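> To be precise about what I am sending: the file is called input_27.csv and holds CSV, C-alpha atoms.
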```
chain,number,residue,atom,x,y,z
A,1,MET,CA,214.3,-38.7,8.9
A,2,LYS,CA,212.0,-39.5,11.7
A,3,LYS,CA,210.4,-36.7,13.8
A,4,ILE,CA,209.6,-37.7,17.3
A,5,ALA,CA,208.1,-35.5,20.0
A,6,ILE,CA,207.9,-36.2,23.8
A,7,PHE,CA,205.5,-34.0,25.7
A,8,PHE,CA,205.2,-34.3,29.5
A,9,PRO,CA,204.8,-32.4,32.7
A,10,GLY,CA,207.9,-31.6,34.7
A,11,GLY,CA,209.0,-34.6,36.8
A,12,ALA,CA,207.0,-37.1,34.8
A,13,SER,CA,210.0,-39.0,33.5
A,14,GLY,CA,210.1,-37.4,30.0
A,15,LYS,CA,213.9,-37.6,30.0
A,16,LEU,CA,213.6,-41.3,30.6
A,17,PHE,CA,211.5,-41.8,27.4
A,18,HIS,CA,213.9,-39.5,25.5
A,19,ILE,CA,216.7,-42.0,26.5
A,20,ILE,CA,214.4,-45.0,25.6
A,21,VAL,CA,213.8,-43.5,22.1
A,22,GLU,CA,217.6,-42.9,21.6
A,23,THR,CA,218.2,-46.5,22.6
A,24,LEU,CA,215.6,-47.7,20.1
A,25,LEU,CA,217.4,-45.6,17.5
A,26,GLY,CA,220.6,-47.5,18.2
A,27,ASP,CA,222.4,-45.9,21.1
A,28,THR,CA,223.4,-48.6,23.6
A,29,SER,CA,225.9,-46.5,25.6
A,30,ILE,CA,223.4,-45.6,28.4
A,31,GLN,CA,223.1,-48.0,31.3
A,32,GLY,CA,220.6,-46.3,33.6
A,33,PRO,CA,219.8,-43.4,35.9
A,34,THR,CA,222.2,-41.3,37.9
A,35,PRO,CA,222.5,-42.1,41.7
A,36,THR,CA,219.6,-39.7,42.3
A,37,GLY,CA,217.4,-41.8,40.0
A,38,SER,CA,217.6,-39.0,37.3
A,39,MET,CA,218.1,-39.3,33.6
A,40,HIS,CA,219.1,-35.6,33.3
A,41,TYR,CA,222.4,-35.2,31.5
A,42,GLU,CA,223.0,-39.0,31.5
A,43,LEU,CA,226.5,-39.5,30.1
A,44,ASP,CA,226.4,-35.9,28.9
A,45,HIS,CA,223.7,-36.7,26.4
A,46,GLU,CA,222.1,-33.6,25.0
A,47,ILE,CA,218.4,-33.6,24.0
A,48,GLY,CA,218.0,-33.4,20.3
A,49,ARG,CA,215.6,-30.6,19.4
A,50,GLU,CA,214.2,-28.9,16.5
A,51,LYS,CA,211.8,-26.0,16.4
A,52,LEU,CA,208.1,-27.0,16.5
A,53,PRO,CA,206.0,-25.3,13.9
A,54,PHE,CA,204.2,-23.4,16.7
A,55,TYR,CA,206.8,-23.1,19.4
A,56,GLU,CA,210.1,-21.3,19.7
A,57,GLY,CA,213.0,-23.5,21.0
A,58,ASP,CA,216.5,-24.7,20.3
A,59,ASN,CA,217.3,-25.9,16.9
A,60,ARG,CA,219.4,-29.0,17.4
A,61,THR,CA,218.9,-32.3,15.7
A,62,HIS,CA,220.3,-35.8,15.9
A,63,ALA,CA,221.7,-37.6,12.8
A,64,LYS,CA,219.1,-40.4,13.0
A,65,ALA,CA,216.1,-38.4,14.1
A,66,ALA,CA,214.8,-35.1,15.3
A,67,ILE,CA,213.7,-35.6,18.9
A,68,VAL,CA,211.6,-32.8,20.4
A,69,VAL,CA,211.2,-32.8,24.2
A,70,TYR,CA,209.0,-30.1,25.7
A,71,HIS,CA,206.5,-29.4,28.5
A,72,ILE,CA,203.5,-29.0,26.2
A,73,ALA,CA,200.1,-29.8,27.6
A,74,ALA,CA,196.8,-31.0,26.2
A,75,THR,CA,195.3,-27.7,25.1
A,76,ASP,CA,198.3,-26.7,23.0
A,77,ILE,CA,198.6,-30.2,21.5
A,78,LYS,CA,195.0,-30.3,20.4
A,79,ALA,CA,195.1,-26.7,19.1
A,80,ASN,CA,198.2,-27.5,17.0
A,81,ILE,CA,197.9,-31.2,16.1
A,82,ASP,CA,197.4,-30.4,12.4
A,83,LEU,CA,200.8,-28.7,12.3
A,84,MET,CA,202.5,-31.8,13.7
A,85,SER,CA,201.2,-34.4,11.3
A,86,ASP,CA,204.8,-35.5,10.4
A,87,TYR,CA,205.6,-36.2,14.1
A,88,LYS,CA,205.2,-39.3,16.2
A,89,ILE,CA,204.2,-37.9,19.6
A,90,ILE,CA,204.6,-39.5,23.0
A,91,TYR,CA,202.4,-37.7,25.5
A,92,ILE,CA,202.5,-38.3,29.2
A,93,TYR,CA,199.3,-37.2,30.9
A,94,THR,CA,197.8,-37.1,34.4
A,95,THR,CA,194.4,-37.1,36.1
A,96,ASN,CA,195.6,-37.2,39.7
A,97,LEU,CA,196.7,-34.3,41.8
A,98,LEU,CA,198.6,-36.6,44.2
A,99,ASP,CA,200.6,-37.8,41.1
A,100,CYS,CA,201.3,-34.1,40.2
A,101,ILE,CA,202.7,-33.5,43.7
A,102,LYS,CA,204.9,-36.5,43.4
A,103,MET,CA,206.1,-35.3,40.0
A,104,ALA,CA,206.8,-31.8,41.3
A,105,ASN,CA,208.7,-33.2,44.3
A,106,MET,CA,210.8,-35.4,42.1
A,107,ASN,CA,211.5,-32.6,39.7
A,108,MET,CA,212.7,-30.3,42.5
A,109,TYR,CA,215.0,-33.0,43.8
A,110,LYS,CA,216.3,-34.5,40.6
A,111,PHE,CA,216.6,-31.3,38.5
A,112,PHE,CA,216.8,-28.2,40.7
A,113,LYS,CA,218.7,-29.6,43.7
A,114,THR,CA,220.9,-32.1,41.9
A,115,ASP,CA,221.7,-29.8,39.0
A,116,TYR,CA,221.6,-26.6,40.9
A,117,HIS,CA,225.2,-25.8,40.1
A,118,LEU,CA,224.5,-26.1,36.4
A,119,LEU,CA,221.6,-23.7,36.3
A,120,SER,CA,222.0,-20.0,35.6
A,121,LYS,CA,221.4,-17.5,38.4
A,122,GLU,CA,218.9,-15.7,36.2
A,123,TYR,CA,216.9,-19.0,35.6
A,124,LEU,CA,216.9,-19.8,39.3
A,125,SER,CA,215.9,-16.3,40.3
A,126,THR,CA,212.9,-16.5,37.9
A,127,GLU,CA,211.9,-19.9,39.2
A,128,PHE,CA,212.2,-19.1,42.9
A,129,ARG,CA,211.4,-15.4,42.7
A,130,ILE,CA,214.3,-14.6,45.0
A,131,ASP,CA,217.9,-13.5,44.6
A,132,ALA,CA,219.1,-17.2,44.2
A,133,PRO,CA,221.8,-18.2,46.7
A,134,LYS,CA,224.9,-20.2,45.6
A,135,GLN,CA,223.6,-23.3,47.4
A,136,PHE,CA,220.2,-25.0,47.0
A,137,GLU,CA,220.2,-25.6,50.8
A,138,ASP,CA,220.2,-21.9,51.4
A,139,ILE,CA,216.8,-21.4,49.7
A,140,PRO,CA,214.1,-21.0,52.4
A,141,ALA,CA,212.1,-24.2,52.8
A,142,LYS,CA,208.8,-22.3,52.4
A,143,VAL,CA,210.0,-20.9,49.0
A,144,VAL,CA,210.9,-24.4,47.8
A,145,GLU,CA,207.5,-25.7,49.1
A,146,ASN,CA,205.5,-23.0,47.3
A,147,CYS,CA,207.5,-23.5,44.1
A,148,VAL,CA,206.7,-27.3,44.2
A,149,ALA,CA,203.0,-26.6,44.9
A,150,LYS,CA,202.7,-24.2,42.0
A,151,LYS,CA,204.4,-26.7,39.7
A,152,ALA,CA,202.1,-29.5,40.9
A,153,ILE,CA,199.1,-27.3,40.0
A,154,GLU,CA,200.6,-26.6,36.5
A,155,CYS,CA,201.0,-30.3,36.0
A,156,MET,CA,197.2,-30.7,36.0
A,157,LYS,CA,197.1,-29.0,32.6
A,158,PHE,CA,198.5,-32.2,31.2
A,159,ARG,CA,195.1,-33.9,30.8
A,160,PRO,CA,194.3,-36.8,28.5
A,161,LEU,CA,193.5,-35.8,25.0
A,162,ASN,CA,190.1,-37.6,25.2
A,163,ARG,CA,190.3,-38.8,21.6
A,164,ASP,CA,192.4,-41.2,19.6
A,165,ILE,CA,194.9,-39.5,17.3
A,166,ASP,CA,196.9,-41.7,15.0
A,167,ASN,CA,200.2,-40.0,15.5
A,168,VAL,CA,199.9,-39.7,19.3
A,169,PHE,CA,200.7,-42.4,21.9
A,170,GLN,CA,199.3,-41.4,25.3
A,171,ILE,CA,200.7,-42.7,28.5
A,172,ASP,CA,198.9,-42.4,31.9
A,173,TYR,CA,201.5,-41.4,34.5
A,174,HIS,CA,199.5,-43.1,37.2
A,175,THR,CA,200.0,-46.5,35.7
A,176,MET,CA,202.9,-46.3,33.4
A,177,PHE,CA,205.4,-48.0,35.7
A,178,GLU,CA,202.9,-50.9,36.2
A,179,ASN,CA,202.8,-51.7,32.5
A,180,ASP,CA,205.7,-54.1,31.7
A,181,ASP,CA,204.9,-54.0,28.0
A,182,ILE,CA,205.2,-50.2,27.6
A,183,ILE,CA,208.5,-50.4,25.8
A,184,ASP,CA,207.1,-52.9,23.3
A,185,LYS,CA,204.2,-50.5,22.7
A,186,ILE,CA,206.5,-47.6,22.2
A,187,SER,CA,208.7,-49.6,19.9
A,188,LYS,CA,205.6,-50.6,17.8
A,189,PHE,CA,204.3,-47.1,17.7
A,190,LEU,CA,207.6,-45.6,16.5
A,191,ASP,CA,208.3,-48.6,14.2
A,192,LEU,CA,211.7,-49.0,16.0
A,193,TYR,CA,212.7,-52.5,16.9
A,194,GLU,CA,216.4,-52.2,17.6
A,195,ASN,CA,217.7,-52.7,21.2
A,196,ILE,CA,214.4,-53.3,22.8
A,197,GLU,CA,215.9,-55.5,25.5
A,198,HIS,CA,218.4,-52.8,26.3
A,199,ALA,CA,215.6,-50.2,26.5
A,200,LYS,CA,213.7,-52.5,28.9
A,201,LEU,CA,216.8,-52.8,31.1
A,202,ILE,CA,217.1,-49.0,31.4
A,203,PHE,CA,213.4,-48.7,32.1
A,204,ASN,CA,213.6,-51.3,34.9
A,205,ARG,CA,216.7,-49.8,36.4
A,206,TYR,CA,215.0,-46.4,36.4
A,207,ILE,CA,211.9,-47.8,38.2
A,208,ALA,CA,214.2,-49.4,40.9
A,209,ALA,CA,215.9,-46.0,41.5
A,210,GLN,CA,212.6,-44.1,42.1
A,211,ASN,CA,211.9,-45.0,45.7
A,212,ASN,CA,213.7,-42.3,47.7
A,213,PHE,CA,213.2,-38.6,47.1
A,214,PRO,CA,212.4,-35.7,49.5
A,215,GLU,CA,208.8,-34.5,50.0
A,216,TYR,CA,209.0,-30.7,49.6
A,217,ALA,CA,205.3,-30.2,49.3
A,218,THR,CA,202.1,-32.1,50.1
A,219,ILE,CA,198.4,-31.8,49.4
A,220,GLU,CA,198.3,-29.4,52.4
A,221,SER,CA,200.8,-27.2,50.6
A,222,ILE,CA,198.4,-27.0,47.6
A,223,LYS,CA,195.5,-26.1,49.9
A,224,ASN,CA,197.5,-23.4,51.7
A,225,LEU,CA,198.6,-22.0,48.4
A,226,ILE,CA,195.1,-21.8,47.1
A,227,ARG,CA,193.9,-20.1,50.3
A,228,LYS,CA,196.3,-17.2,49.8
```
Would you kindly transcribe this structure into C-alpha coordinates?


Amino acid sequence: MKKIAIFFPGGASGKLFHIIVETLLGDTSIQGPTPTGSMHYELDHEIGREKLPFYEGDNRTHAKAAIVVYHIAATDIKANIDLMSDYKIIYIYTTNLLDCIKMANMNMYKFFKTDYHLLSKEYLSTEFRIDAPKQFEDIPAKVVENCVAKKAIECMKFRPLNRDIDNVFQIDYHTMFENDDIIDKISKFLDLYENIEHAKLIFNRYIAAQNNFPEYATIESIKNLIRK
(Lines of atoms letter the chains of each structure in order from A and count residues from 1; the text may use other names and numbers.)
(Lines give C-alpha, C1' and ligand atoms only; values in the text may rest on other atoms or scores of the structure.)
Protein backbone atom coordinates (compact mmCIF):
# COMPACT_ATOMS: atom_id res chain seq x y z
CA MET A 1 0.00 0.00 0.00
CA LYS A 2 1.29 3.43 -0.93
CA LYS A 3 1.69 6.03 1.80
CA ILE A 4 1.27 9.59 0.56
CA ALA A 5 1.43 12.77 2.66
CA ILE A 6 0.34 16.25 1.61
CA PHE A 7 1.58 19.06 3.86
CA PHE A 8 0.55 22.66 3.22
CA PRO A 9 -0.44 25.95 4.86
CA GLY A 10 -4.16 26.61 5.24
CA GLY A 11 -5.62 28.01 2.04
CA ALA A 12 -2.75 26.79 -0.17
CA SER A 13 -4.87 24.32 -2.18
CA GLY A 14 -3.83 21.21 -0.30
CA LYS A 15 -7.31 19.76 -0.76
CA LEU A 16 -6.90 20.20 -4.51
CA PHE A 17 -3.78 18.04 -4.48
CA HIS A 18 -5.52 15.48 -2.30
CA ILE A 19 -8.17 15.20 -5.03
CA ILE A 20 -5.45 15.08 -7.72
CA VAL A 21 -3.82 12.14 -5.90
CA GLU A 22 -7.16 10.35 -5.54
CA THR A 23 -7.74 10.85 -9.26
CA LEU A 24 -4.32 9.43 -10.11
CA LEU A 25 -5.20 6.47 -7.89
CA GLY A 26 -8.23 5.78 -10.07
CA ASP A 27 -11.14 7.94 -8.88
CA THR A 28 -12.69 9.76 -11.85
CA SER A 29 -15.95 10.76 -10.15
CA ILE A 30 -14.74 14.28 -9.28
CA GLN A 31 -15.30 16.96 -11.89
CA GLY A 32 -13.95 20.10 -10.25
CA PRO A 33 -14.38 22.67 -7.50
CA THR A 34 -17.57 23.82 -5.82
CA PRO A 35 -19.14 27.13 -6.91
CA THR A 36 -16.90 28.95 -4.42
CA GLY A 37 -13.79 27.48 -6.03
CA SER A 38 -13.26 25.09 -3.12
CA MET A 39 -12.33 21.41 -3.07
CA HIS A 40 -13.57 21.00 0.51
CA TYR A 41 -16.00 18.10 0.80
CA GLU A 42 -16.19 17.74 -2.96
CA LEU A 43 -18.84 15.08 -3.65
CA ASP A 44 -18.72 14.18 0.07
CA HIS A 45 -15.21 12.79 -0.25
CA GLU A 46 -13.50 12.26 3.07
CA ILE A 47 -9.80 12.75 3.42
CA GLY A 48 -8.09 9.42 3.95
CA ARG A 49 -5.85 9.68 6.97
CA GLU A 50 -3.62 7.53 9.06
CA LYS A 51 -1.62 8.53 12.11
CA LEU A 52 1.79 9.91 11.34
CA PRO A 53 4.53 8.39 13.50
CA PHE A 54 5.02 11.74 15.26
CA TYR A 55 1.55 13.29 15.08
CA GLU A 56 -1.82 12.49 16.60
CA GLY A 57 -4.67 12.46 14.11
CA ASP A 58 -7.59 10.52 12.73
CA ASN A 59 -6.96 6.95 11.69
CA ARG A 60 -8.81 6.49 8.40
CA THR A 61 -7.29 4.89 5.34
CA HIS A 62 -8.29 4.37 1.74
CA ALA A 63 -8.30 0.94 0.15
CA LYS A 64 -5.73 1.94 -2.47
CA ALA A 65 -3.50 4.17 -0.37
CA ALA A 66 -3.10 5.91 2.93
CA ILE A 67 -3.31 9.63 2.20
CA VAL A 68 -2.27 11.96 5.01
CA VAL A 69 -3.29 15.61 4.70
CA TYR A 70 -2.05 17.97 7.42
CA HIS A 71 -0.80 21.49 8.07
CA ILE A 72 2.77 20.50 8.93
CA ALA A 73 5.50 23.05 8.26
CA ALA A 74 9.20 22.91 7.40
CA THR A 75 10.64 22.62 10.91
CA ASP A 76 8.51 19.61 11.85
CA ILE A 77 9.09 17.93 8.49
CA LYS A 78 12.87 18.23 8.76
CA ALA A 79 12.86 17.13 12.41
CA ASN A 80 10.85 14.00 11.62
CA ILE A 81 11.82 13.13 8.06
CA ASP A 82 13.58 9.93 9.15
CA LEU A 83 10.29 8.69 10.61
CA MET A 84 8.56 9.18 7.26
CA SER A 85 10.91 7.25 5.00
CA ASP A 86 8.01 5.09 3.78
CA TYR A 87 5.97 8.12 2.67
CA LYS A 88 5.94 10.06 -0.58
CA ILE A 89 5.49 13.65 0.60
CA ILE A 90 4.04 16.56 -1.37
CA TYR A 91 4.93 19.79 0.41
CA ILE A 92 3.57 23.22 -0.55
CA TYR A 93 5.79 26.04 0.72
CA THR A 94 5.85 29.82 0.58
CA THR A 95 8.43 32.60 0.68
CA ASN A 96 6.06 35.51 0.18
CA LEU A 97 3.94 37.27 2.83
CA LEU A 98 1.52 38.58 0.21
CA ASP A 99 0.91 34.99 -0.89
CA CYS A 100 0.26 34.10 2.75
CA ILE A 101 -2.36 36.85 3.01
CA LYS A 102 -3.99 35.53 -0.17
CA MET A 103 -4.01 31.98 1.23
CA ALA A 104 -5.52 33.12 4.53
CA ASN A 105 -8.20 35.20 2.79
CA MET A 106 -9.12 32.26 0.56
CA ASN A 107 -9.20 29.89 3.52
CA MET A 108 -11.52 32.20 5.44
CA TYR A 109 -13.88 32.38 2.49
CA LYS A 110 -13.78 28.80 1.23
CA PHE A 111 -13.58 26.95 4.54
CA PHE A 112 -14.87 29.09 7.38
CA LYS A 113 -17.56 31.12 5.58
CA THR A 114 -18.75 28.48 3.12
CA ASP A 115 -18.64 25.57 5.57
CA TYR A 116 -19.57 27.59 8.67
CA HIS A 117 -22.72 25.55 9.24
CA LEU A 118 -20.67 22.32 9.27
CA LEU A 119 -18.18 23.47 11.91
CA SER A 120 -18.77 22.91 15.60
CA LYS A 121 -19.47 25.82 17.93
CA GLU A 122 -16.49 24.76 20.03
CA TYR A 123 -14.15 24.83 17.03
CA LEU A 124 -15.41 28.22 15.88
CA SER A 125 -15.15 29.69 19.38
CA THR A 126 -11.52 28.54 19.54
CA GLU A 127 -10.68 29.96 16.13
CA PHE A 128 -12.35 33.36 16.60
CA ARG A 129 -11.95 33.61 20.39
CA ILE A 130 -15.56 34.72 20.78
CA ASP A 131 -18.85 33.05 21.55
CA ALA A 132 -19.43 32.12 17.90
CA PRO A 133 -22.77 33.29 16.48
CA LYS A 134 -24.98 31.11 14.29
CA GLN A 135 -24.12 33.04 11.13
CA PHE A 136 -20.67 33.87 9.76
CA GLU A 137 -21.95 37.33 8.83
CA ASP A 138 -22.55 38.10 12.51
CA ILE A 139 -18.86 37.82 13.40
CA PRO A 140 -17.41 41.34 13.76
CA ALA A 141 -15.35 42.30 10.70
CA LYS A 142 -12.37 43.20 12.90
CA VAL A 143 -12.41 39.74 14.48
CA VAL A 144 -12.37 38.10 11.04
CA GLU A 145 -9.61 40.45 9.86
CA ASN A 146 -7.39 39.68 12.85
CA CYS A 147 -7.97 35.95 12.48
CA VAL A 148 -6.94 36.09 8.82
CA ALA A 149 -3.87 38.21 9.66
CA LYS A 150 -2.75 35.73 12.32
CA LYS A 151 -3.19 32.80 9.96
CA ALA A 152 -1.19 34.63 7.28
CA ILE A 153 1.69 35.02 9.72
CA GLU A 154 1.45 31.30 10.61
CA CYS A 155 1.72 30.44 6.91
CA MET A 156 5.23 31.89 6.86
CA LYS A 157 6.35 28.81 8.83
CA PHE A 158 5.91 26.83 5.64
CA ARG A 159 9.33 27.67 4.26
CA PRO A 160 11.21 25.64 1.63
CA LEU A 161 13.21 22.75 3.06
CA ASN A 162 16.41 24.13 1.44
CA ARG A 163 17.70 20.67 0.59
CA ASP A 164 16.67 17.89 -1.75
CA ILE A 165 15.04 14.92 -0.06
CA ASP A 166 14.30 11.89 -2.23
CA ASN A 167 10.80 11.27 -0.88
CA VAL A 168 9.70 14.93 -0.83
CA PHE A 169 8.27 16.83 -3.80
CA GLN A 170 8.31 20.56 -3.00
CA ILE A 171 5.89 23.00 -4.65
CA ASP A 172 6.33 26.78 -4.50
CA TYR A 173 2.87 28.27 -3.94
CA HIS A 174 3.91 31.47 -5.72
CA THR A 175 4.37 29.72 -9.08
CA MET A 176 2.47 26.46 -8.81
CA PHE A 177 -0.46 27.60 -10.97
CA GLU A 178 1.92 28.84 -13.65
CA ASN A 179 3.45 25.40 -14.17
CA ASP A 180 1.30 23.48 -16.63
CA ASP A 181 3.42 20.36 -16.16
CA ILE A 182 2.90 20.07 -12.39
CA ILE A 183 0.46 17.16 -12.74
CA ASP A 184 2.97 15.26 -14.87
CA LYS A 185 5.65 15.89 -12.22
CA ILE A 186 3.41 14.70 -9.39
CA SER A 187 2.44 11.65 -11.43
CA LYS A 188 6.09 10.76 -12.00
CA PHE A 189 6.99 11.43 -8.35
CA LEU A 190 4.23 9.14 -7.08
CA ASP A 191 4.66 6.61 -9.89
CA LEU A 192 0.94 6.92 -10.64
CA TYR A 193 0.05 7.28 -14.31
CA GLU A 194 -3.68 6.53 -14.40
CA ASN A 195 -6.13 9.32 -15.25
CA ILE A 196 -3.51 12.02 -15.80
CA GLU A 197 -5.68 13.90 -18.28
CA HIS A 198 -8.64 13.87 -15.89
CA ALA A 199 -6.38 15.19 -13.12
CA LYS A 200 -5.26 18.01 -15.43
CA LEU A 201 -8.90 18.83 -16.19
CA ILE A 202 -9.66 19.20 -12.47
CA PHE A 203 -6.51 21.28 -11.99
CA ASN A 204 -7.44 23.69 -14.80
CA ARG A 205 -11.04 23.99 -13.64
CA TYR A 206 -9.77 24.82 -10.17
CA ILE A 207 -7.48 27.55 -11.50
CA ALA A 208 -10.34 29.08 -13.48
CA ALA A 209 -12.49 29.28 -10.31
CA GLN A 210 -9.93 31.12 -8.15
CA ASN A 211 -10.42 34.69 -9.33
CA ASN A 212 -13.11 35.94 -6.96
CA PHE A 213 -12.85 35.85 -3.17
CA PRO A 214 -13.24 38.52 -0.47
CA GLU A 215 -10.26 40.37 0.97
CA TYR A 216 -10.71 40.13 4.71
CA ALA A 217 -7.15 41.22 5.52
CA THR A 218 -4.30 43.06 3.81
CA ILE A 219 -0.65 43.83 4.47
CA GLU A 220 -1.88 46.72 6.63
CA SER A 221 -3.78 44.22 8.76
CA ILE A 222 -0.51 42.40 9.42
CA LYS A 223 1.26 45.65 10.33
CA ASN A 224 -1.52 46.68 12.69
CA LEU A 225 -1.50 43.25 14.33
CA ILE A 226 2.26 43.37 14.88
CA ARG A 227 2.01 46.88 16.38
CA LYS A 228 -0.36 45.68 19.11

> Atom CA of Ile72 of chain A to atom CA of Val144 of chain A: how many Å, to one decimal?

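That distance, rounded to one decimal, is 23.3 Å.
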
> Applying 12 Å and all atoms listed in the file, which residues near segment 112-121 of chain A remain after dropping the ones on its own chain fewer than 3 positions away? List them as a ChimeraX atom specification.

/A:10-11,34-42,104-109,124-139,144,147-148,213-214,216

> How many Å lie between atom CA of Tyr87 of chain A and atom CA of Ile19 of chain A, rounded to one decimal?

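Going from atom CA of Tyr87 of chain A over to atom CA of Ile19 of chain A covers 17.6 Å.
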
> Which residues are near Cys100 of chain A? Cut-off 7 Å, all atoms listed in the file, ignore same chain within fewer than 5 positions. Put them as a ChimeraX atom specification.

/A:152,155-156

> Using atom CA of Tyr70 of chain A and atom CA of Ile226 of chain A as the two end points, give the distance in Å to one decimal.

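Atom CA of Ile226 of chain A lies 26.8 Å from atom CA of Tyr70 of chain A.
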
> Within 12 Å of (197.9, -29.8, 14.1), in the coordinates the file gives, what residues turn up when you count only C-alpha atoms, written out as an MDAnalysis selection string?

chainID A and resid 52:54 75:87 89 165:168

> Rank nothing, just name the residue among A:Leu98, A:Phe177, A:Ile182, A:Lys188 nearest to Ala208 of chain A, using all atoms listed in the file.

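The closest residue to Ala208 of chain A is A:Phe177.
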
> Could you pull the residues within 9 Å of Thr95 of chain A, counting only C-alpha atoms, minus those fewer than 3 positions along the same chain, as a PyMOL selection string?

chain A and resi 99-100+156+158-160+172-174

> Go through A:Ala217, A:Met176, A:Val69, A:Val21 and flag the residue nearest Glu145 of chain A, using all atoms listed in the file for the distances.

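Closest candidate: A:Ala217.
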
> From the set A:Thr28, A:Asn146, A:Thr23, A:Thr94, which residue has the shortest atom-to-atom contact distance to Glu220 of chain A, counting all atoms listed in the file?

A:Asn146

> Could you check the closest approach to Ser187 of chain A for each of A:Ile30, A:Ile171, A:Ile153, A:Leu25 and tell me which residue wins, using all atoms listed in the file?

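Smallest distance to Ser187 of chain A is found for A:Leu25.
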
> With only C-alpha atoms as the atoms that count, which of A:Tyr123, A:Phe203, A:Phe169, A:Tyr193 lies nearest to Phe8 of chain A?

A:Phe169

> Closest to Gly26 of chain A among A:His198, A:Arg227, A:Lys150, A:Lys185, using only C-alpha atoms?

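Checking each candidate against Gly26 of chain A, we get A:His198 as the closest.
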